[in-house]
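Heads up, structure-v2.txt below (compact mmCIF, C-alpha atoms (C1' of nucleotides)):
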```
# COMPACT_ATOMS: atom_id res chain seq x y z
CA MET A 1 3.91 27.88 56.51
CA ARG A 2 5.40 29.76 54.21
CA TYR A 3 3.20 31.79 52.08
CA ALA A 4 3.57 35.50 51.98
CA VAL A 5 -0.12 36.24 51.95
CA TYR A 6 -0.18 39.67 53.44
CA ILE A 7 -3.37 41.68 53.55
CA SER A 8 -3.84 45.20 54.77
CA LYS A 9 -5.08 45.65 58.29
CA GLU A 10 -7.95 47.72 56.94
CA ARG A 11 -9.16 44.83 54.86
CA LEU A 12 -8.70 42.45 57.74
CA ALA A 13 -10.71 44.64 60.10
CA ALA A 14 -13.52 44.78 57.58
CA GLN A 15 -13.92 41.02 57.55
CA SER A 16 -16.49 39.20 59.56
CA ARG A 17 -15.25 36.66 62.06
CA THR A 18 -16.66 33.73 60.16
CA ASP A 19 -14.58 34.52 57.11
CA PHE A 20 -11.52 33.46 59.03
CA ASP A 21 -12.55 29.86 58.73
CA ALA A 22 -13.68 30.16 55.15
CA PHE A 23 -10.69 31.85 53.60
CA MET A 24 -7.41 30.79 55.06
CA ALA A 25 -5.48 33.33 53.03
CA THR A 26 -6.54 36.02 55.43
CA CYS A 27 -6.57 33.88 58.55
CA PRO A 28 -4.57 35.59 61.30
CA THR A 29 -3.38 32.27 62.64
CA ARG A 30 -1.85 31.34 59.32
CA GLN A 31 -0.16 34.70 59.02
CA VAL A 32 1.46 34.26 62.39
CA VAL A 33 2.29 30.61 61.89
CA SER A 34 3.84 31.34 58.52
CA THR A 35 6.37 33.48 60.34
CA LEU A 36 6.82 31.47 63.51
CA GLY A 37 6.71 28.14 61.75
CA ASP A 38 9.54 28.89 59.39
CA LYS A 39 12.45 26.66 60.13
CA TRP A 40 14.53 28.97 62.34
CA ALA A 41 12.17 31.58 63.73
CA GLY A 42 11.16 29.58 66.77
CA LEU A 43 14.75 28.78 67.62
CA VAL A 44 15.77 32.42 67.29
CA VAL A 45 12.96 33.70 69.47
CA ASN A 46 13.81 31.10 72.06
CA ALA A 47 17.47 32.02 71.92
CA LEU A 48 16.58 35.67 72.48
CA ALA A 49 14.35 34.83 75.44
CA GLY A 50 17.37 35.02 77.73
CA GLY A 51 18.18 38.58 76.73
CA PRO A 52 19.75 40.53 73.84
CA LYS A 53 22.19 38.67 71.64
CA ARG A 54 24.58 39.64 68.90
CA HIS A 55 24.47 38.18 65.41
CA GLY A 56 27.52 36.03 66.01
CA GLU A 57 26.22 34.70 69.29
CA LEU A 58 23.03 33.61 67.60
CA MET A 59 25.00 31.93 64.82
CA ARG A 60 26.92 29.87 67.34
CA ARG A 61 23.88 29.21 69.44
CA ILE A 62 21.53 28.11 66.70
CA ASN A 63 24.06 25.78 65.08
CA GLY A 64 23.05 24.73 61.63
CA ALA A 65 21.64 27.97 60.31
CA SER A 66 23.49 29.72 57.50
CA GLN A 67 24.09 33.45 57.97
CA LYS A 68 21.77 34.01 55.11
CA MET A 69 18.87 32.29 56.82
CA LEU A 70 19.71 33.72 60.22
CA THR A 71 19.73 37.23 58.80
CA HIS A 72 16.57 36.58 56.83
CA THR A 73 14.80 35.14 59.87
CA LEU A 74 15.85 38.10 61.98
CA ARG A 75 14.63 40.52 59.31
CA THR A 76 11.24 38.82 59.16
CA LEU A 77 10.91 38.83 62.93
CA GLU A 78 11.93 42.48 62.98
CA ARG A 79 9.39 43.30 60.28
CA ASP A 80 6.68 41.56 62.25
CA GLY A 81 7.61 43.55 65.33
CA LEU A 82 8.76 40.61 67.42
CA VAL A 83 12.42 41.55 67.46
CA SER A 84 14.25 44.86 67.56
CA ARG A 85 17.63 45.49 65.96
CA SER A 86 20.11 48.02 67.27
CA VAL A 87 23.36 48.96 65.58
CA THR A 88 26.46 50.32 67.27
CA PRO A 89 28.50 51.90 64.46
CA THR A 90 31.93 51.03 65.79
CA VAL A 91 34.63 49.35 63.71
CA PRO A 92 34.00 46.53 63.51
CA MET A 93 30.31 47.20 63.89
CA ARG A 94 28.13 45.66 66.55
CA VAL A 95 24.51 44.62 66.14
CA ASP A 96 22.27 43.51 68.95
CA TYR A 97 18.94 41.77 68.62
CA GLU A 98 16.36 41.81 71.33
CA LEU A 99 12.80 40.65 71.82
CA THR A 100 10.22 43.42 71.80
CA ALA A 101 7.28 43.41 74.19
CA LEU A 102 5.31 41.67 71.46
CA GLY A 103 8.10 39.16 71.02
CA ARG A 104 8.22 38.35 74.71
CA ASP A 105 4.49 37.90 74.59
CA VAL A 106 4.81 34.96 72.20
CA LEU A 107 7.11 33.04 74.48
CA PRO A 108 4.35 31.31 76.47
CA VAL A 109 2.71 30.15 73.26
CA LEU A 110 6.00 28.83 71.97
CA ALA A 111 6.58 27.16 75.31
CA ALA A 112 3.20 25.47 75.12
CA LEU A 113 4.02 24.21 71.65
CA LYS A 114 7.39 22.99 72.83
CA ALA A 115 5.93 21.30 75.89
CA TRP A 116 3.33 19.46 73.85
CA SER A 117 5.90 18.40 71.29
CA GLU A 118 8.29 17.00 73.83
CA ALA A 119 5.50 15.28 75.70
CA HIS A 120 4.05 13.56 72.65
CA ILE A 121 6.87 13.24 70.15
CA MET A 122 7.29 9.57 71.00
CA GLU A 123 3.67 8.82 70.23
CA VAL A 124 4.00 10.64 66.95
CA LEU A 125 7.17 8.77 66.01
CA GLU A 126 5.59 5.46 66.93
CA ALA A 127 2.53 6.30 64.86
CA ARG A 128 4.80 7.04 61.91
CA ASP A 129 6.67 3.80 62.37
CA SER A 130 3.57 1.63 62.41
CA TYR A 131 2.05 3.57 59.53
CA ASP A 132 5.18 3.13 57.44
CA ALA A 133 5.58 -0.48 58.47
CA ALA A 134 2.03 -1.21 57.37
CA ARG A 135 2.68 0.17 53.87
CA ALA A 136 6.13 -1.41 53.59
CA MET A 137 4.79 -4.94 53.60
CA GLY A 138 1.78 -5.74 51.48
CA GLU A 139 -0.74 -3.42 53.00
CA THR A 140 -1.33 -5.27 56.26
CA PRO A 141 -2.08 -2.61 58.85
CA ASN A 142 -2.26 -5.36 61.48
CA MET B 1 7.88 24.05 58.70
CA ARG B 2 8.30 21.87 56.16
CA TYR B 3 11.26 19.69 56.25
CA ALA B 4 10.89 15.99 56.38
CA VAL B 5 13.62 15.41 58.91
CA TYR B 6 12.54 12.19 60.48
CA ILE B 7 14.75 10.41 62.95
CA SER B 8 14.13 7.09 64.62
CA LYS B 9 12.67 7.19 68.09
CA GLU B 10 15.58 5.10 69.31
CA ARG B 11 18.02 7.75 68.22
CA LEU B 12 15.88 10.45 69.69
CA ALA B 13 15.67 8.74 73.05
CA ALA B 14 19.45 8.43 73.12
CA GLN B 15 19.92 12.16 72.87
CA SER B 16 20.55 14.37 75.82
CA ARG B 17 18.09 17.13 76.47
CA THR B 18 20.54 19.88 75.61
CA ASP B 19 21.02 18.55 72.12
CA PHE B 20 17.51 19.67 71.33
CA ASP B 21 18.62 23.26 71.27
CA ALA B 22 21.83 22.62 69.44
CA PHE B 23 20.59 20.54 66.53
CA MET B 24 17.26 21.58 65.25
CA ALA B 25 17.10 18.70 62.83
CA THR B 26 16.13 16.41 65.68
CA CYS B 27 14.19 18.96 67.71
CA PRO B 28 10.78 17.53 68.63
CA THR B 29 9.18 20.92 68.37
CA ARG B 30 10.29 21.32 64.78
CA GLN B 31 9.06 17.86 63.90
CA VAL B 32 5.64 18.65 65.24
CA VAL B 33 5.54 22.16 63.79
CA SER B 34 6.61 20.88 60.39
CA THR B 35 3.40 18.88 60.35
CA LEU B 36 1.05 21.30 62.09
CA GLY B 37 2.49 24.34 60.40
CA ASP B 38 1.90 23.12 56.91
CA LYS B 39 -0.59 25.28 55.18
CA TRP B 40 -3.75 23.23 55.75
CA ALA B 41 -3.07 20.95 58.70
CA GLY B 42 -4.24 23.40 61.33
CA LEU B 43 -7.43 24.12 59.45
CA VAL B 44 -8.16 20.43 59.02
CA VAL B 45 -7.59 19.60 62.67
CA ASN B 46 -9.81 22.48 63.66
CA ALA B 47 -12.49 21.37 61.24
CA LEU B 48 -12.39 17.88 62.74
CA ALA B 49 -12.68 19.23 66.26
CA GLY B 50 -16.45 19.20 65.95
CA GLY B 51 -16.57 15.49 65.19
CA PRO B 52 -15.91 13.09 62.28
CA LYS B 53 -16.17 14.48 58.81
CA ARG B 54 -16.17 13.04 55.32
CA HIS B 55 -13.68 14.00 52.65
CA GLY B 56 -16.24 16.05 50.75
CA GLU B 57 -17.37 17.88 53.85
CA LEU B 58 -13.83 18.90 54.58
CA MET B 59 -13.35 20.08 51.01
CA ARG B 60 -16.35 22.36 51.27
CA ARG B 61 -15.44 23.47 54.75
CA ILE B 62 -11.79 24.32 54.15
CA ASN B 63 -12.50 26.27 50.97
CA GLY B 64 -9.38 26.86 48.96
CA ALA B 65 -7.63 23.57 49.38
CA SER B 66 -7.20 21.35 46.34
CA GLN B 67 -8.17 17.70 46.79
CA LYS B 68 -4.56 16.87 46.33
CA MET B 69 -3.47 18.96 49.29
CA LEU B 70 -6.44 17.96 51.41
CA THR B 71 -5.68 14.30 50.83
CA HIS B 72 -1.98 14.84 51.42
CA THR B 73 -2.64 16.77 54.62
CA LEU B 74 -4.98 14.06 55.87
CA ARG B 75 -2.42 11.36 55.05
CA THR B 76 0.29 13.21 56.98
CA LEU B 77 -1.98 13.72 59.96
CA GLU B 78 -2.96 10.08 59.81
CA ARG B 79 0.67 9.01 59.66
CA ASP B 80 1.47 11.16 62.66
CA GLY B 81 -1.39 9.56 64.57
CA LEU B 82 -3.48 12.71 64.92
CA VAL B 83 -6.29 11.59 62.64
CA SER B 84 -7.89 8.22 61.95
CA ARG B 85 -9.34 7.21 58.63
CA SER B 86 -12.21 4.75 58.26
CA VAL B 87 -13.53 3.42 54.99
CA THR B 88 -17.02 2.14 54.35
CA PRO B 89 -16.76 0.09 51.13
CA THR B 90 -20.12 0.95 49.71
CA VAL B 91 -20.68 2.19 46.16
CA PRO B 92 -19.93 4.99 46.05
CA MET B 93 -17.47 4.57 48.87
CA ARG B 94 -17.54 6.57 52.07
CA VAL B 95 -14.53 7.74 54.03
CA ASP B 96 -14.67 9.33 57.44
CA TYR B 97 -11.89 11.18 59.18
CA GLU B 98 -11.80 11.65 62.89
CA LEU B 99 -9.41 13.04 65.46
CA THR B 100 -7.63 10.44 67.54
CA ALA B 101 -7.04 10.94 71.25
CA LEU B 102 -3.67 12.41 70.34
CA GLY B 103 -5.31 14.67 67.82
CA ARG B 104 -7.82 15.96 70.33
CA ASP B 105 -4.94 16.58 72.66
CA VAL B 106 -3.42 19.15 70.28
CA LEU B 107 -6.57 21.24 70.16
CA PRO B 108 -5.74 23.37 73.22
CA VAL B 109 -2.31 24.17 71.80
CA LEU B 110 -3.84 25.14 68.48
CA ALA B 111 -6.42 27.20 70.31
CA ALA B 112 -3.67 29.04 72.19
CA LEU B 113 -1.91 29.77 68.94
CA LYS B 114 -5.14 30.95 67.38
CA ALA B 115 -6.00 33.12 70.37
CA TRP B 116 -2.61 34.80 70.35
CA SER B 117 -2.76 35.37 66.62
CA GLU B 118 -6.17 36.96 66.69
CA ALA B 119 -5.23 39.07 69.68
CA HIS B 120 -2.02 40.41 68.18
CA ILE B 121 -2.44 40.26 64.42
CA MET B 122 -3.14 43.98 64.27
CA GLU B 123 0.12 44.80 66.00
CA VAL B 124 1.97 42.53 63.62
CA LEU B 125 0.33 44.10 60.58
CA GLU B 126 1.07 47.58 61.86
CA ALA B 127 4.67 46.63 62.50
CA ARG B 128 4.91 45.37 58.92
CA ASP B 129 3.39 48.55 57.58
CA SER B 130 5.78 50.86 59.36
CA TYR B 131 8.74 48.61 58.54
CA ASP B 132 7.83 48.61 54.86
CA ALA B 133 7.04 52.31 54.86
CA ALA B 134 10.46 53.07 56.33
CA ARG B 135 12.22 51.18 53.50
CA ALA B 136 9.91 52.52 50.80
CA MET B 137 11.06 56.09 51.19
CA GLY B 138 14.75 56.79 51.44
CA GLU B 139 15.58 54.79 54.50
CA THR B 140 14.06 57.11 57.09
CA PRO B 141 12.86 54.83 59.89
CA ASN B 142 11.42 57.93 61.60
C1' DC C 1 -17.36 9.92 46.18
C1' DA C 2 -12.66 9.69 47.13
C1' DG C 3 -9.02 9.49 45.50
C1' DT C 4 -4.40 9.01 42.02
C1' DA C 5 -1.30 10.77 38.32
C1' DT C 6 1.10 14.26 35.90
C1' DC C 7 2.92 18.58 34.95
C1' DC C 8 4.57 22.88 36.51
C1' DA C 9 5.69 27.36 39.07
C1' DC C 10 7.56 29.25 42.92
C1' DC C 11 10.31 30.02 46.81
C1' DA C 12 12.62 28.28 51.04
C1' DG C 13 16.88 27.42 52.12
C1' DG C 14 21.89 25.77 51.52
C1' DA C 15 26.84 26.81 49.67
C1' DT C 16 30.05 29.95 48.52
C1' DA C 17 32.31 34.27 47.76
C1' DC C 18 32.66 39.03 48.46
C1' DT C 19 32.11 43.99 51.06
C1' DG C 20 32.05 48.10 54.61
C1' DC D 1 31.75 41.51 62.63
C1' DA D 2 27.67 41.65 60.12
C1' DG D 3 26.06 41.47 56.42
C1' DT D 4 25.01 41.24 50.79
C1' DA D 5 25.16 38.81 46.21
C1' DT D 6 24.77 34.87 43.35
C1' DC D 7 23.89 30.33 42.08
C1' DC D 8 21.52 26.07 42.70
C1' DT D 9 18.53 22.32 44.69
C1' DG D 10 14.50 20.12 46.29
C1' DG D 11 10.11 20.25 48.00
C1' DT D 12 5.48 22.53 48.44
C1' DG D 13 1.47 23.23 46.57
C1' DG D 14 -1.70 24.52 42.56
C1' DA D 15 -4.26 22.93 38.06
C1' DT D 16 -5.98 19.49 35.45
C1' DA D 17 -7.39 15.02 33.97
C1' DC D 18 -8.33 10.32 34.93
C1' DT D 19 -9.96 5.83 37.90
C1' DG D 20 -12.55 2.28 41.07
```

Write-out of the structure in structure tokens:
Amino acid sequence: MRYAVYISKERLAAQSRTDFDAFMATCPTRQVVSTLGDKWAGLVVNALAGGPKRHGELMRRINGASQKMLTHTLRTLERDGLVSRSVTPTVPMRVDYELTALGRDVLPVLAALKAWSEAHIMEVLEARDSYDAARAMGETPN
Amino acid sequence: MRYAVYISKERLAAQSRTDFDAFMATCPTRQVVSTLGDKWAGLVVNALAGGPKRHGELMRRINGASQKMLTHTLRTLERDGLVSRSVTPTVPMRVDYELTALGRDVLPVLAALKAWSEAHIMEVLEARDSYDAARAMGETPN
DNA sequence: CAGTATCCACCAGGATACTG
DNA sequence: CAGTATCCTGGTGGATACTG
């Protein structure tokens, strides 16, 4: 997910429902997944589920994200209307990020994704192991 | 979603639950999303929801995917145990792809994602519009 | 028909250094 | 503190041509 295929909402509204399957470029699901699927977005949204957080808090909480990517992820989420950004112009400045109503609305979906992943990750990993093992030796899938 | 960060299931099992939030590299959700989020995977799984399909059928159905990416997507899904591949060695050969039990199990999650996307895509697009409009003119977020 | 092989463009994302 | 700027890499994914 990672293609910036943005179409106008006018054009989208003009499309028939069946076109969604035919042309993925304009598929709403892909547009959403391309944001939510990007490496850190899910983590950030989850981190913000507990309430507003400052930039630094998120940095410490996410662990592994560079400021660049954290900032970029926050910008994308803000642009998509899932997160709001509020600046307090003190010195040093203070910036708080918070989920919008739309952002809070995604939480259940993310939770469902997370629940499924945790419930089935072992099966997936085992499938990978046996698949890889089969190729490793001379093509004997057993 | 797109980083091949694969860890052994032994190592995963050894981790405490809290580590999942701290180190995304081993986060089950990310592992699953990195497969499902990749450009065509969702479309393919959805296309297979209606029953087994041949390679050519999928090509025509997905519309826009190159054979390379379709094949690659199918291989990844097969490796992850979501799709099974069966070859009939006739001339010309015939290959059928089918969702496994695990694959069918993801459908509800995908459906939830799709439902949310279609329900809220307009809000997202509008948010993008006003965000972009605000930057376009001299920084007047209104 | 169902792939594989090769070449190539693009951009996500990391590292590092600097600013208001 | 919260960013921006720059450089650099590796992987994704498209186009095209070829094979069993």

Tell me, counting all atoms listed in the file, for each residue of chain A within 7 Å of chain B, which pair of atoms is nearest and how far apart they are in Å to one decimal, in rows ordered by chain and increasing number, as CSV.
```
residue,atom,partner,partner_atom,distance
A:Met1,CA,B:Asp38,CA,5.2
A:Lys9,CA,B:Leu125,CA,6.1
A:Ala22,CA,B:Asn63,CA,5.8
A:Phe23,CA,B:Asn63,CA,6.4
A:Pro28,CA,B:Ser117,CA,5.6
A:Thr29,CA,B:Ser117,CA,5.1
A:Val32,CA,B:Ser117,CA,6.1
A:Val33,CA,B:Gly37,CA,6.4
A:Gly37,CA,B:Met1,CA,5.2
A:Asp38,CA,B:Met1,CA,5.2
A:Lys39,CA,B:Met1,CA,5.5
A:Arg61,CA,B:Ala22,CA,6.9
A:Ile62,CA,B:Ala22,CA,6.1
A:Asn63,CA,B:Ala22,CA,5.8
A:Gly64,CA,B:Phe23,CA,6.9
A:Arg79,CA,B:Arg128,CA,5.1
A:Asp80,CA,B:Val124,CA,5.0
A:Gly81,CA,B:Ala127,CA,5.1
A:Val109,CA,B:Leu113,CA,6.3
A:Ala112,CA,B:Val109,CA,6.6
A:Leu113,CA,B:Val109,CA,6.3
A:Lys114,CA,B:Thr29,CA,5.2
A:Ser117,CA,B:Thr29,CA,5.1
A:Glu118,CA,B:Pro28,CA,5.8
A:Ile121,CA,B:Pro28,CA,6.0
A:Met122,CA,B:Lys9,CA,6.6
A:Val124,CA,B:Asp80,CA,5.0
A:Leu125,CA,B:Lys9,CA,6.1
A:Ala127,CA,B:Gly81,CA,5.1
A:Arg128,CA,B:Arg79,CA,5.1
A:Tyr131,CA,B:Arg79,CA,5.6
```

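Take atom CA of B:Thr71 and atom C1' of D:DA15: the distance between them is 15.5 Å.
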
| query | Near C:DG13, within 9 Å and counting only C-alpha atoms (C1' of nucleotides), which residues show up once chain neighbours fewer than 5 positions away are dropped, as number ranges by chain? | reply | A: 66, 68-69

| How many Å lie between atom CA of A:Gly103 and atom CA of A:Val91, rounded to one decimal? |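 Those two atoms sit 29.3 Å apart.
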
| request: Fewer than 4 positions away in the same chain doesn't count, so skip those; otherwise give me all residues within 12 Å of D:DT4, counting only C-alpha atoms (C1' of nucleotides), as a PyMOL selection string. | output: (chain A and resi 67-68+71-72) or (chain C and resi 17-20)

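One distance worth recording is that between atom CA of B:Ala49 and atom CA of B:Thr100, which is 10.2 Å.
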
| field | Non-local contacts of D:DC1 (8 Å; all atoms listed in the file; under 5 positions in same chain excluded) as a list of chain:residue names | value | A:Gly56, A:Pro92, A:Met93, A:Arg94

| said: Around (9.3, 26.6, 46.3), as given in the file, which residues come within 8 Å? Count all atoms listed in the file and list them as a ChimeraX atom specification. | reply: /C:10-12 /D:11-12

Could you save those same residues with C-alpha atoms (C1' of nucleotides) as an mmCIF file, keeping the file's coordinate frame?
```cif
data_model
loop_
_atom_site.group_PDB
_atom_site.id
_atom_site.type_symbol
_atom_site.label_atom_id
_atom_site.label_comp_id
_atom_site.auth_asym_id
_atom_site.auth_seq_id
_atom_site.Cartn_x
_atom_site.Cartn_y
_atom_site.Cartn_z
ATOM 1 C "C1'" DC C 10 7.560 29.250 42.920
ATOM 2 C "C1'" DC C 11 10.310 30.020 46.810
ATOM 3 C "C1'" DA C 12 12.620 28.280 51.040
ATOM 4 C "C1'" DG D 11 10.110 20.250 48.000
ATOM 5 C "C1'" DT D 12 5.480 22.530 48.440
#
```

| note | For chain C, the closest of B:Lys53, B:Thr90, B:Leu48, B:Ala133 counting all atoms listed in the file is B:Thr90

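When only C-alpha atoms (C1' of nucleotides) are used to measure the gap to chain C, the shortest distance among A:Leu58, A:Ser84, A:Pro89, A:Leu74 belongs to A:Pro89.
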
| request: Name the residues in contact with A:Gly50 at a cut-off of 12 Å, using all atoms listed in the file, excluding same-chain residues fewer than 4 positions from it; report them as a list in words. | output: Val44, Val45, Asn46, Leu58, Tyr97, Glu98, Leu99, Arg104 and Leu107 of chain A

| query | Pick the closest to chain C from B:Val95, B:Thr73, B:Glu57, B:Ala41: which is it, counting all atoms listed in the file? | reply |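 With all atoms listed in the file as the atom set, the closest residue is B:Val95.
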
| request: With a cut-off of 9 Å and counting only C-alpha atoms (C1' of nucleotides), select all residues of chain C in contact with chain B and give the selection as a list in words. | output: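 That gives the following set of residues: DC1, DA2, DG3 and DT4 of chain C.
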
Can you write out the residues you just picked, keeping C-alpha atoms (C1' of nucleotides), as a PDB file, keeping the file's coordinate frame?
```pdb
ATOM      1  C1'  DC C   1     -17.360   9.920  46.180  1.00  0.00           C
ATOM      2  C1'  DA C   2     -12.660   9.690  47.130  1.00  0.00           C
ATOM      3  C1'  DG C   3      -9.020   9.490  45.500  1.00  0.00           C
ATOM      4  C1'  DT C   4      -4.400   9.010  42.020  1.00  0.00           C
TER       5       DT C   4
END
```
